[in-house]
>>> print(open('model.cif').read())   # mmCIF, C-alpha atoms
data_query
#
loop_
_atom_site.group_PDB
_atom_site.id
_atom_site.type_symbol
_atom_site.label_atom_id
_atom_site.label_comp_id
_atom_site.auth_asym_id
_atom_site.auth_seq_id
_atom_site.Cartn_x
_atom_site.Cartn_y
_atom_site.Cartn_z
ATOM 1 C CA MET A 1 19.995 -13.019 -43.505
ATOM 2 C CA LYS A 2 22.487 -11.322 -41.160
ATOM 3 C CA LYS A 3 21.123 -7.902 -42.079
ATOM 4 C CA LYS A 4 17.588 -9.046 -41.184
ATOM 5 C CA ASN A 5 18.777 -10.347 -37.767
ATOM 6 C CA LEU A 6 20.587 -7.079 -37.107
ATOM 7 C CA ILE A 7 17.399 -5.125 -37.822
ATOM 8 C CA TYR A 8 15.369 -7.355 -35.452
ATOM 9 C CA PHE A 9 18.023 -7.024 -32.759
ATOM 10 C CA SER A 10 18.096 -3.233 -33.164
ATOM 11 C CA ILE A 11 14.311 -2.992 -32.881
ATOM 12 C CA LEU A 12 14.354 -5.233 -29.801
ATOM 13 C CA LEU A 13 17.066 -3.098 -28.190
ATOM 14 C CA ILE A 14 15.227 0.144 -28.945
ATOM 15 C CA PHE A 15 11.987 -1.190 -27.402
ATOM 16 C CA SER A 16 13.897 -2.519 -24.387
ATOM 17 C CA VAL A 17 15.412 0.897 -23.713
ATOM 18 C CA PHE A 18 12.164 2.751 -24.474
ATOM 19 C CA PHE A 19 10.142 0.624 -22.004
ATOM 20 C CA LYS A 20 12.972 0.647 -19.421
ATOM 21 C CA PHE A 21 13.285 -3.146 -19.474
ATOM 22 C CA PHE A 22 16.758 -3.148 -17.932
ATOM 23 C CA GLU A 23 15.954 -0.572 -15.240
ATOM 24 C CA ASN A 24 12.714 -2.314 -14.270
ATOM 25 C CA GLY A 25 14.438 -5.690 -14.186
ATOM 26 C CA TYR A 26 17.092 -4.270 -11.867
ATOM 27 C CA ILE A 27 14.454 -2.802 -9.541
ATOM 28 C CA ILE A 28 12.580 -6.118 -9.382
ATOM 29 C CA LEU A 29 15.747 -8.056 -8.613
ATOM 30 C CA LYS A 30 17.065 -5.524 -6.072
ATOM 31 C CA ASN A 31 13.909 -4.968 -3.977
ATOM 32 C CA ASN A 32 11.518 -7.516 -2.522
ATOM 33 C CA TYR A 33 7.754 -7.378 -3.052
ATOM 34 C CA ASP A 34 6.942 -5.432 0.123
ATOM 35 C CA ALA A 35 9.699 -2.859 -0.455
ATOM 36 C CA ARG A 36 8.363 -2.166 -3.958
ATOM 37 C CA LEU A 37 4.801 -1.757 -2.649
ATOM 38 C CA ILE A 38 5.951 0.595 0.107
ATOM 39 C CA LYS A 39 7.903 2.638 -2.427
ATOM 40 C CA ASN A 40 4.833 2.994 -4.677
ATOM 41 C CA TYR A 41 2.032 3.236 -2.085
ATOM 42 C CA GLY A 42 3.924 4.840 0.825
ATOM 43 C CA TYR A 43 4.386 3.934 4.472
ATOM 44 C CA CYS A 44 2.215 6.616 6.063
ATOM 45 C CA GLU A 45 1.365 8.686 3.015
ATOM 46 C CA LYS A 46 -0.607 8.061 -0.160
ATOM 47 C CA SER A 47 -2.401 4.704 0.296
ATOM 48 C CA SER A 48 -0.135 3.758 3.251
ATOM 49 C CA TYR A 49 0.561 0.118 2.385
ATOM 50 C CA GLY A 50 3.541 0.022 4.769
ATOM 51 C CA PHE A 51 1.571 1.075 7.853
ATOM 52 C CA ILE A 52 -1.270 -1.324 7.086
ATOM 53 C CA LYS A 53 1.184 -4.210 6.623
ATOM 54 C CA TYR A 54 2.925 -3.266 9.881
ATOM 55 C CA ILE A 55 -0.395 -3.342 11.789
ATOM 56 C CA PHE A 56 -1.497 -6.670 10.293
ATOM 57 C CA ASP A 57 1.893 -8.245 11.038
ATOM 58 C CA LYS A 58 2.392 -6.804 14.543
ATOM 59 C CA TYR A 59 -1.089 -7.578 15.848
ATOM 60 C CA GLY A 60 -1.684 -10.802 13.894
ATOM 61 C CA LEU A 61 -5.015 -9.636 12.526
ATOM 62 C CA ASN A 62 -7.000 -12.352 10.790
ATOM 63 C CA ASN A 63 -10.250 -10.558 9.994
ATOM 64 C CA ASN A 64 -10.877 -7.664 7.637
ATOM 65 C CA ILE A 65 -10.459 -4.183 9.106
ATOM 66 C CA ASN A 66 -12.210 -0.984 8.061
ATOM 67 C CA ILE A 67 -9.645 1.431 6.637
ATOM 68 C CA ILE A 68 -10.392 5.119 6.145
ATOM 69 C CA ASN A 69 -8.057 7.478 4.315
ATOM 70 C CA ASP A 70 -8.614 11.199 4.920
ATOM 71 C CA GLU A 71 -6.953 12.010 1.603
ATOM 72 C CA GLU A 72 -8.225 11.217 -1.877
ATOM 73 C CA PHE A 73 -6.678 7.848 -2.723
ATOM 74 C CA PRO A 74 -8.184 4.527 -3.814
ATOM 75 C CA SER A 75 -9.350 2.272 -1.007
ATOM 76 C CA SER A 76 -6.506 0.629 0.875
ATOM 77 C CA GLU A 77 -8.746 -2.181 2.163
ATOM 78 C CA LEU A 78 -7.992 -4.190 -0.947
ATOM 79 C CA PHE A 79 -4.372 -4.776 0.102
ATOM 80 C CA PHE A 80 -5.439 -7.271 2.783
ATOM 81 C CA TYR A 81 -9.132 -7.905 2.076
ATOM 82 C CA ASN A 82 -10.229 -11.535 2.289
ATOM 83 C CA PRO A 83 -13.827 -12.232 1.144
ATOM 84 C CA GLN A 84 -14.050 -15.376 3.292
ATOM 85 C CA LYS A 85 -13.495 -13.393 6.507
ATOM 86 C CA LYS A 86 -15.764 -10.981 8.327
ATOM 87 C CA TYR A 87 -15.039 -7.383 9.303
ATOM 88 C CA GLU A 88 -13.800 -6.566 12.790
ATOM 89 C CA ASP A 89 -16.276 -3.794 13.666
ATOM 90 C CA SER A 90 -14.485 -2.498 16.766
ATOM 91 C CA LEU A 91 -11.165 -1.849 14.977
ATOM 92 C CA LEU A 92 -10.269 0.879 12.491
ATOM 93 C CA ILE A 93 -7.176 1.970 10.612
ATOM 94 C CA LEU A 94 -7.183 5.706 9.947
ATOM 95 C CA LEU A 95 -4.704 6.950 7.340
ATOM 96 C CA ASN A 96 -3.473 10.486 6.641
ATOM 97 C CA TYR A 97 -5.542 11.862 9.521
ATOM 98 C CA ASN A 98 -6.449 15.524 9.250
ATOM 99 C CA ASN A 99 -8.332 16.758 12.312
ATOM 100 C CA PHE A 100 -9.930 19.616 10.339
ATOM 101 C CA ASN A 101 -11.451 17.585 7.486
ATOM 102 C CA SER A 102 -11.736 14.113 8.995
ATOM 103 C CA LYS A 103 -14.937 12.075 8.831
ATOM 104 C CA ILE A 104 -13.884 10.354 12.062
ATOM 105 C CA ASN A 105 -13.964 11.825 15.564
ATOM 106 C CA ILE A 106 -10.779 10.347 17.004
ATOM 107 C CA LYS A 107 -12.037 10.997 20.565
ATOM 108 C CA ASP A 108 -14.516 8.125 20.108
ATOM 109 C CA TYR A 109 -11.609 5.675 19.791
ATOM 110 C CA LEU A 110 -8.709 4.333 21.820
ATOM 111 C CA VAL A 111 -5.379 4.713 20.026
ATOM 112 C CA ILE A 112 -3.649 1.303 19.944
ATOM 113 C CA ASP A 113 -0.794 2.281 17.646
ATOM 114 C CA LYS A 114 0.263 5.441 15.844
ATOM 115 C CA TYR A 115 2.868 6.545 13.326
ATOM 116 C CA LYS A 116 2.850 10.196 12.250
ATOM 117 C CA ASN A 117 -0.744 10.780 11.061
ATOM 118 C CA CYS A 118 -1.691 7.095 10.684
ATOM 119 C CA PHE A 119 -3.616 5.441 13.513
ATOM 120 C CA PHE A 120 -4.738 1.972 14.557
ATOM 121 C CA LEU A 121 -7.858 2.534 16.649
ATOM 122 C CA LYS A 122 -10.293 0.554 18.789
ATOM 123 C CA LYS A 123 -13.802 1.866 19.353
ATOM 124 C CA ASN A 124 -14.521 2.939 22.931
ATOM 125 C CA ASP A 125 -17.172 0.813 24.599
#
>>> encode(input="model.cif", output="structure tokens")
Amino acid sequence: MKKKNLIYFSILLIFSVFFKFFENGYIILKNNYDARLIKNYGYCEKSSYGFIKYIFDKYGLNNNINIINDEEFPSSELFFYNPQKKYEDSLLILLNYNNFNSKINIKDYLVIDKYKNCFFLKKND
């Protein structure tokens, strides 16, 4: 019976190390939810979760905002999308702006906030 328990324990330990159970547990305990998302999705790179969170928190946005990323990443709108709320048509978050390849003419907008190549814009009237 002891030999059987030792085999089960060894298998469990091998799988725990293989799937980085201890390392992942440490990361979850050390960093809060937002810090882990920023580490994986970036602040003003990749999908730019950190910048979007900053804008929603600083300006107290309640409605959905159109978010455009000039680089090839999955849509960042899903981070804060709420199906019960409407879109704010005059506001735009532009991520990873590249003035050579951008779909957006930034001259048509007023820059409300900016960090590196991430912008929070309001459409000119």
>>> atom_distance(input="model.cif", atom1="atom CA of Asn63 of chain A", atom2="atom CA of Asp89 of chain A")
9.8 Å
>>> closest_atom_pairs(input="model.cif", of="segment 59-92 of chain A", to="segment 106-123 of chain A", cutoff="8 Å", atoms="all atoms listed in the file", output="CSV")
residue,atom,partner,partner_atom,distance
A:Ser90,CA,A:Lys123,CA,5.1
A:Leu91,CA,A:Lys122,CA,4.6
A:Leu92,CA,A:Leu121,CA,5.1
>>> write_last_selection(input="model.cif", atoms="C-alpha atoms", output="CSV table (one decimal), in the coordinates of the input")
chain,number,residue,atom,x,y,z
A,90,SER,CA,-14.5,-2.5,16.8
A,91,LEU,CA,-11.2,-1.8,15.0
A,92,LEU,CA,-10.3,0.9,12.5
>>> atom_distance(input="model.cif", atom1="atom CA of Lys58 of chain A", atom2="atom CA of Glu71 of chain A")
24.7 Å
>>> resolve_selection(input="model.cif", expression="the PyMOL selection byres ((chain A and resi 43) around 12)", output="PyMOL selection string")
chain A and resi 34-42+44-55+76+95-96+115-118
>>> resolve_selection(input="model.cif", expression="the PyMOL selection byres ((chain A and resi 62) around 12)", output="list in words")
Ile55, Phe56, Asp57, Lys58, Tyr59, Gly60, Leu61, Asn63, Asn64, Ile65, Phe80, Tyr81, Asn82, Pro83, Gln84, Lys85, Lys86, Tyr87 and Glu88 of chain A
>>> closest_residue(input="model.cif", among="A:Lys103, A:Asn98, A:Phe22, A:Ile93", to="Asn66 of chain A", atoms="all atoms listed in the file")
A:Ile93
>>> atom_distance(input="model.cif", atom1="atom CA of Phe100 of chain A", atom2="atom CA of Asp70 of chain A")
10.1 Å
>>> build_atoms(input="model.cif", residues="segment 35-50 of chain A", atoms="N, CA and C atoms", output="short mmCIF file (atom, residue, chain, number, x, y, z; two decimals), keeping the file's coordinate frame")
data_model
loop_
_atom_site.label_atom_id
_atom_site.label_comp_id
_atom_site.auth_asym_id
_atom_site.auth_seq_id
_atom_site.Cartn_x
_atom_site.Cartn_y
_atom_site.Cartn_z
N ALA A 35 8.95 -4.11 -0.27
CA ALA A 35 9.70 -2.86 -0.46
C ALA A 35 9.20 -2.10 -1.69
N ARG A 36 8.88 -2.82 -2.74
CA ARG A 36 8.36 -2.17 -3.96
C ARG A 36 6.98 -1.58 -3.71
N LEU A 37 6.13 -2.29 -2.96
CA LEU A 37 4.80 -1.76 -2.65
C LEU A 37 4.89 -0.52 -1.75
N ILE A 38 5.79 -0.56 -0.77
CA ILE A 38 5.95 0.60 0.11
C ILE A 38 6.47 1.79 -0.69
N LYS A 39 7.38 1.54 -1.61
CA LYS A 39 7.90 2.64 -2.43
C LYS A 39 6.79 3.28 -3.27
N ASN A 40 5.89 2.48 -3.81
CA ASN A 40 4.83 2.99 -4.68
C ASN A 40 3.62 3.52 -3.91
N TYR A 41 3.25 2.87 -2.80
CA TYR A 41 2.03 3.24 -2.08
C TYR A 41 2.30 3.95 -0.76
N GLY A 42 3.56 4.08 -0.36
CA GLY A 42 3.92 4.84 0.82
C GLY A 42 3.82 4.04 2.11
N TYR A 43 4.48 4.56 3.15
CA TYR A 43 4.39 3.93 4.47
C TYR A 43 3.26 4.60 5.26
N CYS A 44 3.31 5.88 5.41
CA CYS A 44 2.22 6.62 6.06
C CYS A 44 1.90 7.86 5.23
N GLU A 45 1.79 7.66 3.97
CA GLU A 45 1.36 8.69 3.02
C GLU A 45 0.74 7.95 1.85
N LYS A 46 0.11 8.66 0.97
CA LYS A 46 -0.61 8.06 -0.16
C LYS A 46 -1.60 7.01 0.36
N SER A 47 -1.50 5.78 -0.13
CA SER A 47 -2.40 4.70 0.30
C SER A 47 -1.89 3.95 1.52
N SER A 48 -0.69 4.25 1.98
CA SER A 48 -0.14 3.76 3.25
C SER A 48 -0.05 2.25 3.38
N TYR A 49 0.40 1.58 2.33
CA TYR A 49 0.56 0.12 2.38
C TYR A 49 1.47 -0.31 3.53
N GLY A 50 2.56 0.40 3.75
CA GLY A 50 3.54 0.02 4.77
C GLY A 50 2.95 0.01 6.17
#
